[in-house]
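Source file: my_file09.pdb. Holds: PDB, C-alpha atoms and all ligand atoms.
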```
MODEL        1
ATOM      1  CA  MET A1135      13.044 -14.234  15.712  1.00  0.00           C
ATOM      2  CA  THR A1136      13.190 -13.357  12.031  1.00  0.00           C
ATOM      3  CA  ARG A1137      10.169 -15.401  10.918  1.00  0.00           C
ATOM      4  CA  GLU A1138      11.858 -16.149   7.622  1.00  0.00           C
ATOM      5  CA  LYS A1139      10.205 -19.552   7.247  1.00  0.00           C
ATOM      6  CA  ASP A1140       6.768 -18.002   7.835  1.00  0.00           C
ATOM      7  CA  ARG A1141       7.468 -15.427   5.160  1.00  0.00           C
ATOM      8  CA  GLU A1142       8.652 -18.067   2.705  1.00  0.00           C
ATOM      9  CA  ARG A1143       5.396 -19.940   3.224  1.00  0.00           C
ATOM     10  CA  LEU A1144       3.381 -16.772   2.624  1.00  0.00           C
ATOM     11  CA  VAL A1145       5.302 -15.984  -0.558  1.00  0.00           C
ATOM     12  CA  ASP A1146       4.652 -19.530  -1.723  1.00  0.00           C
ATOM     13  CA  VAL A1147       0.889 -19.093  -1.198  1.00  0.00           C
ATOM     14  CA  LEU A1148       0.913 -15.789  -3.096  1.00  0.00           C
ATOM     15  CA  SER A1149       3.034 -17.224  -5.872  1.00  0.00           C
ATOM     16  CA  ARG A1150       0.707 -20.200  -6.369  1.00  0.00           C
ATOM     17  CA  SER A1151      -2.326 -17.876  -6.583  1.00  0.00           C
ATOM     18  CA  ASN A1152      -1.003 -16.757 -10.002  1.00  0.00           C
ATOM     19  CA  ARG A1153      -2.266 -13.244  -9.317  1.00  0.00           C
ATOM     20  CA  ILE A1154       1.169 -11.677  -8.813  1.00  0.00           C
ATOM     21  CA  HIS A1155       3.048 -11.275 -12.079  1.00  0.00           C
ATOM     22  CA  ARG A1156       6.268  -9.652 -10.903  1.00  0.00           C
ATOM     23  CA  GLU A1157       8.881 -11.713  -9.124  1.00  0.00           C
ATOM     24  CA  SER A1158      10.233  -8.501  -7.585  1.00  0.00           C
ATOM     25  CA  VAL A1159       6.937  -8.000  -5.727  1.00  0.00           C
ATOM     26  CA  LEU A1160       7.077 -11.507  -4.274  1.00  0.00           C
ATOM     27  CA  ASP A1161      10.668 -10.826  -3.223  1.00  0.00           C
ATOM     28  CA  ALA A1162       9.575  -7.604  -1.524  1.00  0.00           C
ATOM     29  CA  VAL A1163       6.829  -9.410   0.420  1.00  0.00           C
ATOM     30  CA  GLY A1164       9.423 -12.012   1.339  1.00  0.00           C
ATOM     31  CA  ALA A1165      11.706  -9.310   2.696  1.00  0.00           C
ATOM     32  CA  VAL A1166       9.399  -7.159   4.846  1.00  0.00           C
ATOM     33  CA  PRO A1167       8.896  -8.316   8.446  1.00  0.00           C
ATOM     34  CA  ARG A1168       5.089  -7.999   8.646  1.00  0.00           C
ATOM     35  CA  HIS A1169       5.187  -9.142  12.281  1.00  0.00           C
ATOM     36  CA  GLU A1170       6.960  -5.881  13.123  1.00  0.00           C
ATOM     37  CA  PHE A1171       3.951  -3.902  11.891  1.00  0.00           C
ATOM     38  CA  VAL A1172       1.019  -5.713  13.494  1.00  0.00           C
ATOM     39  CA  PRO A1173      -0.078  -5.239  17.119  1.00  0.00           C
ATOM     40  CA  GLU A1174       1.507  -7.485  19.760  1.00  0.00           C
ATOM     41  CA  SER A1175      -1.831  -9.293  20.169  1.00  0.00           C
ATOM     42  CA  HIS A1176      -1.790 -10.486  16.534  1.00  0.00           C
ATOM     43  CA  VAL A1177       1.882 -11.311  15.959  1.00  0.00           C
ATOM     44  CA  GLN A1178       1.036 -15.019  15.688  1.00  0.00           C
ATOM     45  CA  GLN A1179      -1.184 -14.292  12.675  1.00  0.00           C
ATOM     46  CA  ALA A1180       1.218 -11.872  11.010  1.00  0.00           C
ATOM     47  CA  TYR A1181       1.965 -14.267   8.132  1.00  0.00           C
ATOM     48  CA  HIS A1182      -1.558 -15.514   7.551  1.00  0.00           C
ATOM     49  CA  ASP A1183      -3.005 -14.115   4.346  1.00  0.00           C
ATOM     50  CA  ARG A1184      -5.681 -12.014   6.022  1.00  0.00           C
ATOM     51  CA  PRO A1185      -6.278  -8.441   7.159  1.00  0.00           C
ATOM     52  CA  LEU A1186      -5.558  -7.628  10.811  1.00  0.00           C
ATOM     53  CA  PRO A1187      -6.695  -4.819  13.130  1.00  0.00           C
ATOM     54  CA  ILE A1188      -4.159  -2.055  13.774  1.00  0.00           C
ATOM     55  CA  GLY A1189      -6.223   0.116  16.143  1.00  0.00           C
ATOM     56  CA  HIS A1190      -8.325   3.241  15.517  1.00  0.00           C
ATOM     57  CA  GLY A1191     -10.866   1.018  13.712  1.00  0.00           C
ATOM     58  CA  GLN A1192      -8.384   0.489  10.865  1.00  0.00           C
ATOM     59  CA  THR A1193      -6.850  -2.643   9.374  1.00  0.00           C
ATOM     60  CA  ILE A1194      -3.648  -3.699   7.677  1.00  0.00           C
ATOM     61  CA  SER A1195      -4.691  -5.203   4.325  1.00  0.00           C
ATOM     62  CA  ALA A1196      -4.224  -8.902   3.619  1.00  0.00           C
ATOM     63  CA  PRO A1197      -0.813  -9.658   2.083  1.00  0.00           C
ATOM     64  CA  HIS A1198      -2.338 -10.794  -1.229  1.00  0.00           C
ATOM     65  CA  MET A1199      -4.077  -7.418  -1.588  1.00  0.00           C
ATOM     66  CA  VAL A1200      -0.859  -5.521  -0.814  1.00  0.00           C
ATOM     67  CA  ALA A1201       0.946  -7.698  -3.352  1.00  0.00           C
ATOM     68  CA  ILE A1202      -1.717  -7.318  -6.080  1.00  0.00           C
ATOM     69  CA  MET A1203      -1.875  -3.535  -5.691  1.00  0.00           C
ATOM     70  CA  THR A1204       1.906  -3.231  -5.693  1.00  0.00           C
ATOM     71  CA  ASP A1205       2.162  -5.532  -8.704  1.00  0.00           C
ATOM     72  CA  ARG A1206      -0.316  -3.413 -10.698  1.00  0.00           C
ATOM     73  CA  LEU A1207       1.705  -0.252  -9.965  1.00  0.00           C
ATOM     74  CA  ALA A1208       4.398  -1.767 -12.230  1.00  0.00           C
ATOM     75  CA  LEU A1209       7.161   0.042 -10.352  1.00  0.00           C
ATOM     76  CA  SER A1210      10.656   0.780 -11.609  1.00  0.00           C
ATOM     77  CA  PRO A1211      13.451   1.611  -9.148  1.00  0.00           C
ATOM     78  CA  GLU A1212      13.475   5.309 -10.088  1.00  0.00           C
ATOM     79  CA  ASP A1213       9.709   5.793  -9.599  1.00  0.00           C
ATOM     80  CA  ARG A1214       8.460   8.362  -7.103  1.00  0.00           C
ATOM     81  CA  VAL A1215       5.494   6.933  -5.250  1.00  0.00           C
ATOM     82  CA  LEU A1216       2.645   8.461  -3.240  1.00  0.00           C
ATOM     83  CA  GLU A1217       0.627   6.357  -0.812  1.00  0.00           C
ATOM     84  CA  ILE A1218      -2.673   7.535   0.693  1.00  0.00           C
ATOM     85  CA  GLY A1219      -3.433   5.682   3.935  1.00  0.00           C
ATOM     86  CA  THR A1220      -0.205   4.717   5.705  1.00  0.00           C
ATOM     87  CA  GLY A1221      -1.916   2.674   8.414  1.00  0.00           C
ATOM     88  CA  CYS A1222       0.825   0.744  10.164  1.00  0.00           C
ATOM     89  CA  GLY A1223       3.301   1.343   7.327  1.00  0.00           C
ATOM     90  CA  TYR A1224       3.514  -2.242   6.041  1.00  0.00           C
ATOM     91  CA  HIS A1225       2.433  -1.542   2.460  1.00  0.00           C
ATOM     92  CA  ALA A1226       4.783   1.452   2.269  1.00  0.00           C
ATOM     93  CA  ALA A1227       7.644  -0.809   3.380  1.00  0.00           C
ATOM     94  CA  VAL A1228       6.846  -3.294   0.591  1.00  0.00           C
ATOM     95  CA  VAL A1229       6.917  -0.430  -1.926  1.00  0.00           C
ATOM     96  CA  ALA A1230      10.128   0.941  -0.410  1.00  0.00           C
ATOM     97  CA  GLU A1231      11.751  -2.441  -1.138  1.00  0.00           C
ATOM     98  CA  LEU A1232      11.108  -1.815  -4.848  1.00  0.00           C
ATOM     99  CA  VAL A1233      12.158   1.796  -5.394  1.00  0.00           C
ATOM    100  CA  ASP A1234      15.331   3.778  -4.783  1.00  0.00           C
ATOM    101  CA  THR A1235      13.448   7.009  -4.048  1.00  0.00           C
ATOM    102  CA  THR A1236      11.803   8.179  -0.825  1.00  0.00           C
ATOM    103  CA  VAL A1237       8.195   6.939  -0.643  1.00  0.00           C
ATOM    104  CA  SER A1238       5.719   9.672   0.396  1.00  0.00           C
ATOM    105  CA  SER A1239       2.720   8.582   2.465  1.00  0.00           C
ATOM    106  CA  VAL A1240      -0.221  10.504   3.930  1.00  0.00           C
ATOM    107  CA  GLU A1241      -2.227   9.175   6.898  1.00  0.00           C
ATOM    108  CA  TYR A1242      -5.410  10.743   8.301  1.00  0.00           C
ATOM    109  CA  VAL A1243      -5.009   9.527  11.910  1.00  0.00           C
ATOM    110  CA  PRO A1244      -2.094  11.415  13.532  1.00  0.00           C
ATOM    111  CA  ASP A1245      -1.312   8.604  16.008  1.00  0.00           C
ATOM    112  CA  LEU A1246      -1.007   6.076  13.182  1.00  0.00           C
ATOM    113  CA  ALA A1247       1.145   8.461  11.130  1.00  0.00           C
ATOM    114  CA  GLU A1248       3.509   8.912  14.043  1.00  0.00           C
ATOM    115  CA  SER A1249       3.840   5.250  14.980  1.00  0.00           C
ATOM    116  CA  ALA A1250       4.216   4.173  11.340  1.00  0.00           C
ATOM    117  CA  GLN A1251       6.993   6.731  10.798  1.00  0.00           C
ATOM    118  CA  GLN A1252       8.795   5.520  13.924  1.00  0.00           C
ATOM    119  CA  GLN A1253       8.552   1.881  12.910  1.00  0.00           C
ATOM    120  CA  LEU A1254       9.623   2.534   9.304  1.00  0.00           C
ATOM    121  CA  ASP A1255      12.600   4.575  10.510  1.00  0.00           C
ATOM    122  CA  ARG A1256      13.544   1.902  13.010  1.00  0.00           C
ATOM    123  CA  LEU A1257      13.541  -0.771  10.294  1.00  0.00           C
ATOM    124  CA  GLY A1258      15.443   1.478   7.893  1.00  0.00           C
ATOM    125  CA  TYR A1259      12.732   2.052   5.270  1.00  0.00           C
ATOM    126  CA  ASP A1260      13.014   5.247   3.231  1.00  0.00           C
ATOM    127  CA  VAL A1261       9.449   6.498   3.725  1.00  0.00           C
ATOM    128  CA  ARG A1262       8.236   9.937   4.830  1.00  0.00           C
ATOM    129  CA  VAL A1263       4.844  10.027   6.508  1.00  0.00           C
ATOM    130  CA  LYS A1264       2.655  13.064   6.995  1.00  0.00           C
ATOM    131  CA  ALA A1265      -0.564  13.332   9.001  1.00  0.00           C
ATOM    132  CA  GLY A1266      -3.250  14.878   6.839  1.00  0.00           C
ATOM    133  CA  ASP A1267      -6.094  14.316   4.429  1.00  0.00           C
ATOM    134  CA  GLY A1268      -4.888  12.219   1.519  1.00  0.00           C
ATOM    135  CA  ARG A1269      -7.563  13.726  -0.717  1.00  0.00           C
ATOM    136  CA  ASP A1270      -5.114  16.604  -1.177  1.00  0.00           C
ATOM    137  CA  GLY A1271      -2.233  14.302  -2.092  1.00  0.00           C
ATOM    138  CA  TRP A1272       1.146  15.704  -1.008  1.00  0.00           C
ATOM    139  CA  PRO A1273       1.944  18.572  -3.399  1.00  0.00           C
ATOM    140  CA  GLU A1274       5.345  19.396  -1.859  1.00  0.00           C
ATOM    141  CA  HIS A1275       6.896  16.200  -3.215  1.00  0.00           C
ATOM    142  CA  ALA A1276       4.932  15.989  -6.487  1.00  0.00           C
ATOM    143  CA  PRO A1277       5.043  14.930  -9.230  1.00  0.00           C
ATOM    144  CA  TYR A1278       4.788  11.190  -8.703  1.00  0.00           C
ATOM    145  CA  ASP A1279       5.141   8.325 -11.156  1.00  0.00           C
ATOM    146  CA  ALA A1280       2.667   6.195  -9.255  1.00  0.00           C
ATOM    147  CA  ALA A1281       0.090   6.596  -6.489  1.00  0.00           C
ATOM    148  CA  TYR A1282      -2.194   4.231  -4.613  1.00  0.00           C
ATOM    149  CA  LEU A1283      -4.929   4.496  -2.040  1.00  0.00           C
ATOM    150  CA  THR A1284      -5.422   1.981   0.751  1.00  0.00           C
ATOM    151  CA  CYS A1285      -8.852   3.361   1.671  1.00  0.00           C
ATOM    152  CA  ALA A1286     -11.934   3.343  -0.541  1.00  0.00           C
ATOM    153  CA  THR A1287     -12.946   6.488  -2.348  1.00  0.00           C
ATOM    154  CA  PRO A1288     -16.150   7.194  -4.322  1.00  0.00           C
ATOM    155  CA  GLU A1289     -13.946   8.744  -7.029  1.00  0.00           C
ATOM    156  CA  LEU A1290     -10.200   9.202  -7.577  1.00  0.00           C
ATOM    157  CA  PRO A1291      -9.280  12.452  -5.758  1.00  0.00           C
ATOM    158  CA  GLY A1292      -8.548  15.255  -8.266  1.00  0.00           C
ATOM    159  CA  PRO A1293      -5.373  16.535  -6.562  1.00  0.00           C
ATOM    160  CA  VAL A1294      -3.864  13.032  -6.544  1.00  0.00           C
ATOM    161  CA  VAL A1295      -4.588  12.672 -10.265  1.00  0.00           C
ATOM    162  CA  GLU A1296      -3.023  16.089 -10.864  1.00  0.00           C
ATOM    163  CA  GLN A1297       0.138  15.159  -8.970  1.00  0.00           C
ATOM    164  CA  ILE A1298       0.819  12.169 -11.258  1.00  0.00           C
ATOM    165  CA  VAL A1299       3.026  12.548 -14.343  1.00  0.00           C
ATOM    166  CA  PRO A1300       1.664  11.683 -17.794  1.00  0.00           C
ATOM    167  CA  GLY A1301       2.293   7.966 -18.202  1.00  0.00           C
ATOM    168  CA  GLY A1302       1.921   7.524 -14.436  1.00  0.00           C
ATOM    169  CA  ARG A1303      -0.376   5.049 -12.703  1.00  0.00           C
ATOM    170  CA  ILE A1304      -2.941   5.088  -9.895  1.00  0.00           C
ATOM    171  CA  VAL A1305      -4.290   2.013  -8.124  1.00  0.00           C
ATOM    172  CA  ALA A1306      -7.256   2.459  -5.791  1.00  0.00           C
ATOM    173  CA  PRO A1307     -10.388   0.835  -4.413  1.00  0.00           C
ATOM    174  CA  VAL A1308     -13.202   2.884  -5.940  1.00  0.00           C
ATOM    175  CA  GLY A1309     -16.823   2.765  -4.810  1.00  0.00           C
ATOM    176  CA  LYS A1310     -18.826   2.890  -1.608  1.00  0.00           C
ATOM    177  CA  ALA A1311     -20.326  -0.343  -0.260  1.00  0.00           C
ATOM    178  CA  ARG A1312     -19.256  -2.224  -3.397  1.00  0.00           C
ATOM    179  CA  GLN A1313     -15.751  -1.302  -4.497  1.00  0.00           C
ATOM    180  CA  GLN A1314     -13.679  -2.260  -7.478  1.00  0.00           C
ATOM    181  CA  LEU A1315      -9.929  -2.154  -7.651  1.00  0.00           C
ATOM    182  CA  VAL A1316      -9.281   0.490 -10.302  1.00  0.00           C
ATOM    183  CA  ILE A1317      -6.017   0.682 -12.205  1.00  0.00           C
ATOM    184  CA  ALA A1318      -5.730   3.997 -13.984  1.00  0.00           C
ATOM    185  CA  GLN A1319      -3.081   5.243 -16.359  1.00  0.00           C
ATOM    186  CA  LYS A1320      -2.673   8.970 -16.954  1.00  0.00           C
ATOM    187  CA  GLU A1321      -2.311   9.733 -20.661  1.00  0.00           C
ATOM    188  CA  ALA A1322      -0.255  12.514 -22.250  1.00  0.00           C
ATOM    189  CA  ASP A1323      -3.366  14.703 -22.554  1.00  0.00           C
ATOM    190  CA  GLY A1324      -4.109  14.295 -18.836  1.00  0.00           C
ATOM    191  CA  SER A1325      -7.053  11.924 -19.288  1.00  0.00           C
ATOM    192  CA  LEU A1326      -7.248   8.598 -17.458  1.00  0.00           C
ATOM    193  CA  THR A1327      -7.508   5.168 -19.024  1.00  0.00           C
ATOM    194  CA  ARG A1328      -9.027   2.787 -16.493  1.00  0.00           C
ATOM    195  CA  THR A1329      -9.256  -0.927 -16.062  1.00  0.00           C
ATOM    196  CA  THR A1330     -10.619  -2.833 -13.077  1.00  0.00           C
ATOM    197  CA  ASP A1331      -9.268  -5.874 -11.313  1.00  0.00           C
ATOM    198  CA  GLY A1332     -12.124  -7.386  -9.327  1.00  0.00           C
ATOM    199  CA  TYR A1333     -14.190  -6.457  -6.302  1.00  0.00           C
ATOM    200  CA  VAL A1334     -12.462  -5.524  -3.059  1.00  0.00           C
ATOM    201  CA  GLN A1335     -13.322  -4.393   0.436  1.00  0.00           C
ATOM    202  CA  PHE A1336     -11.431  -1.509   2.056  1.00  0.00           C
ATOM    203  CA  VAL A1337     -12.211   0.891   4.874  1.00  0.00           C
ATOM    204  CA  PRO A1338     -13.768   4.101   3.520  1.00  0.00           C
ATOM    205  CA  MET A1339     -11.664   7.212   3.143  1.00  0.00           C
ATOM    206  CA  ARG A1340     -12.253   9.603   6.041  1.00  0.00           C
ATOM    207  CA  GLY A1341     -12.587  13.357   6.191  1.00  0.00           C
TER     208      GLY A1341
HETATM  209  N1  LIG B1401      -1.491   0.401   3.838  1.00  0.00           N
HETATM  210  C1  LIG B1401      -1.925   0.237   5.192  1.00  0.00           C
HETATM  211  C2  LIG B1401      -3.405  -0.079   5.272  1.00  0.00           C
HETATM  212  C3  LIG B1401      -4.101   0.957   5.995  1.00  0.00           C
HETATM  213  S1  LIG B1401      -5.861   0.850   6.099  1.00  0.00           S
HETATM  214  C4  LIG B1401      -1.100  -0.763   5.935  1.00  0.00           C
HETATM  215  O1  LIG B1401      -0.237  -1.411   5.337  1.00  0.00           O
HETATM  216  O2  LIG B1401      -1.284  -0.874   7.142  1.00  0.00           O
HETATM  217  C5  LIG B1401      -6.326   2.418   5.421  1.00  0.00           C
HETATM  218  C6  LIG B1401      -5.724   3.621   6.086  1.00  0.00           C
HETATM  219  O3  LIG B1401      -6.211   4.785   5.396  1.00  0.00           O
HETATM  220  C7  LIG B1401      -6.101   3.814   7.548  1.00  0.00           C
HETATM  221  O4  LIG B1401      -4.942   3.914   8.328  1.00  0.00           O
HETATM  222  C8  LIG B1401      -6.894   5.122   7.560  1.00  0.00           C
HETATM  223  O5  LIG B1401      -6.719   5.876   8.737  1.00  0.00           O
HETATM  224  C9  LIG B1401      -6.336   5.827   6.347  1.00  0.00           C
HETATM  225  N2  LIG B1401      -7.189   6.895   5.800  1.00  0.00           N
HETATM  226  C10 LIG B1401      -8.538   6.951   5.771  1.00  0.00           C
HETATM  227  N3  LIG B1401      -8.945   8.090   5.195  1.00  0.00           N
HETATM  228  C11 LIG B1401      -7.842   8.790   4.865  1.00  0.00           C
HETATM  229  C12 LIG B1401      -7.600  10.065   4.263  1.00  0.00           C
HETATM  230  N4  LIG B1401      -8.602  10.869   3.882  1.00  0.00           N
HETATM  231  N5  LIG B1401      -6.318  10.455   4.077  1.00  0.00           N
HETATM  232  C13 LIG B1401      -5.272   9.654   4.452  1.00  0.00           C
HETATM  233  N6  LIG B1401      -5.448   8.450   5.039  1.00  0.00           N
HETATM  234  C14 LIG B1401      -6.699   8.020   5.244  1.00  0.00           C
ENDMDL
END
```
Would it be possible to restate this file's structure as structure tokens?
Amino acid sequence: MTREKDRERLVDVLSRSNRIHRESVLDAVGAVPRHEFVPESHVQQAYHDRPLPIGHGQTISAPHMVAIMTDRLALSPEDRVLEIGTGCGYHAAVVAELVDTTVSSVEYVPDLAESAQQQLDRLGYDVRVKAGDGRDGWPEHAPYDAAYLTCATPELPGPVVEQIVPGGRIVAPVGKARQQLVIAQKEADGSLTRTTDGYVQFVPMRG
């Protein structure tokens, strides 16, 4: 079962929301089999636009949130991308649809890191996953052109900011109970120019 019709319907919903500006992002969402990333118990809801549990008290974000964050990263095929918070690997797969490079992703829970890597490999997505604390970024593969966090942080982690090239972008939920989606651009002098894109609700960063 490829669930293509379900995906088409989801893409249609996202498209009509007018919140996704890049056609390429809608195409990526239309290409990734989300049902392969959610637990067996929730496969029937895989193409509903809502978050779903993935075990270990964590959730896979709703498709519209994955699409909005990916859209705001403004990716080009040659971009090197860092993800903090692999979860089940779905968001990384969407990003992998858009770039020709290997996506680097750090996940705090070792079990999730391992199962996400297995699933991404099985589906042929060029993503490397490491178990660790995303606060440190992943210096071995730096620098990156873009980075995003899928867990909420009180402030953008310094090492992640450092590992971004000038001109690069970071998208992250910033705040504690009340979080805003922050879109930051690193300037030539290393400073960040920030804009926000509404209130969001993500699991807090651990560690
Ligand atoms: N993008 C994911 C969503 C994952 S939810 C997906 O598509 O499924 C957020 C994830 O961030 C969780 O898996 C959680 O374990 C992870 N996380 C929390 N704190 C972290 C940290 N300090 N470093 C790396 N990952 C972290």
Exercise. Apply the PyMOL selection byres (((chain A and resi 1258-1260) around 12) and not hetatm) to the structure shown and report the selected residues as a count of residues only.
Key: 33
Quiz prompt | Distance in Å - atom CA of A:Glu1241 versus atom CA of A:His1155 | solution =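 So the answer is 28.4 Å.
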Using the chain letters and numbers from this file, what does the PyMOL selection byres (((chain A and resi 1146) around 12) and not hetatm) select? Give the answer as an mmCIF file with C-alpha atoms, in the frame of the given file.
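Final file, part_28.cif:
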```
data_model
loop_
_atom_site.group_PDB
_atom_site.id
_atom_site.type_symbol
_atom_site.label_atom_id
_atom_site.label_comp_id
_atom_site.auth_asym_id
_atom_site.auth_seq_id
_atom_site.Cartn_x
_atom_site.Cartn_y
_atom_site.Cartn_z
ATOM 1 C CA LYS A 1139 10.205 -19.552 7.247
ATOM 2 C CA ASP A 1140 6.768 -18.002 7.835
ATOM 3 C CA ARG A 1141 7.468 -15.427 5.160
ATOM 4 C CA GLU A 1142 8.652 -18.067 2.705
ATOM 5 C CA ARG A 1143 5.396 -19.940 3.224
ATOM 6 C CA LEU A 1144 3.381 -16.772 2.624
ATOM 7 C CA VAL A 1145 5.302 -15.984 -0.558
ATOM 8 C CA VAL A 1147 0.889 -19.093 -1.198
ATOM 9 C CA LEU A 1148 0.913 -15.789 -3.096
ATOM 10 C CA SER A 1149 3.034 -17.224 -5.872
ATOM 11 C CA ARG A 1150 0.707 -20.200 -6.369
ATOM 12 C CA SER A 1151 -2.326 -17.876 -6.583
ATOM 13 C CA ASN A 1152 -1.003 -16.757 -10.002
ATOM 14 C CA ILE A 1154 1.169 -11.677 -8.813
ATOM 15 C CA GLU A 1157 8.881 -11.713 -9.124
ATOM 16 C CA LEU A 1160 7.077 -11.507 -4.274
ATOM 17 C CA ASP A 1161 10.668 -10.826 -3.223
ATOM 18 C CA VAL A 1163 6.829 -9.410 0.420
ATOM 19 C CA GLY A 1164 9.423 -12.012 1.339
ATOM 20 C CA TYR A 1181 1.965 -14.267 8.132
ATOM 21 C CA HIS A 1182 -1.558 -15.514 7.551
ATOM 22 C CA ASP A 1183 -3.005 -14.115 4.346
ATOM 23 C CA PRO A 1197 -0.813 -9.658 2.083
ATOM 24 C CA HIS A 1198 -2.338 -10.794 -1.229
#
```
Could you work out an axis-aligned box for ligand LIG 1401 (chain B), taking every atom the file lists and adding 6 Å on each side, and report centre and edge lengths in Å to one decimal, as AutoDock Vina command-line options?
```
--center_x -4.6 --center_y 4.7 --center_z 6.3 --size_x 20.7 --size_y 24.3 --size_z 16.9
```
Exercise. Kindly provide, as number ranges by chain, all nucleotide and amino acid residues lying within 6 Å of ligand LIG 1401 (chain B), counting all atoms listed in the file.
Key: A: 1192-1195, 1218-1225, 1240-1243, 1267-1269, 1284-1285, 1339-1341
Quiz item: What residues come out when you apply the PyMOL selection byres (((chain A and resi 1204) around 9) and not hetatm) to this file, written as a ChimeraX atom specification?
Solution: /A:1159,1199-1203,1205-1209,1225,1228-1229,1282,1305
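Rounded to one decimal, atom CA of A:Glu1289 and atom CA of A:Ala1162 lie 29.2 Å from each other.
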Quiz item: Do you have the atom CA of A:Gly1301-atom CA of A:Ala1280 distance handy?
Solution: 9.1 Å
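Candidate residues A:Ala1276, A:Ala1286, A:Val1295, A:Ala1306 were compared for distance to A:Phe1336, and the nearest is A:Ala1286, using only C-alpha atoms.
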Quiz prompt | Contacts of A:Glu1321 within 9 Å, only C-alpha atoms, excl. fewer than 4 positions in-chain, as a ChimeraX atom specification | solution = /A:1299-1302,1325-1327
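With all atoms listed in the file as the atoms that count, the minimum distance from A:Gly1191 to the choices A:Leu1246, A:Val1308, A:Ile1298, A:Val1177 is reached by A:Leu1246.
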Quiz item: Between A:Gln1297, A:Thr1287, A:Ser1249, A:Thr1136, which is the closest to A:His1169 once you count all atoms listed in the file?
Solution: A:Thr1136
Quiz item: So which one's closest to A:Leu1315, A:Arg1328, A:Arg1137, A:Arg1156, A:Arg1184? Using only C-alpha atoms, please.
Solution: A:Arg1328
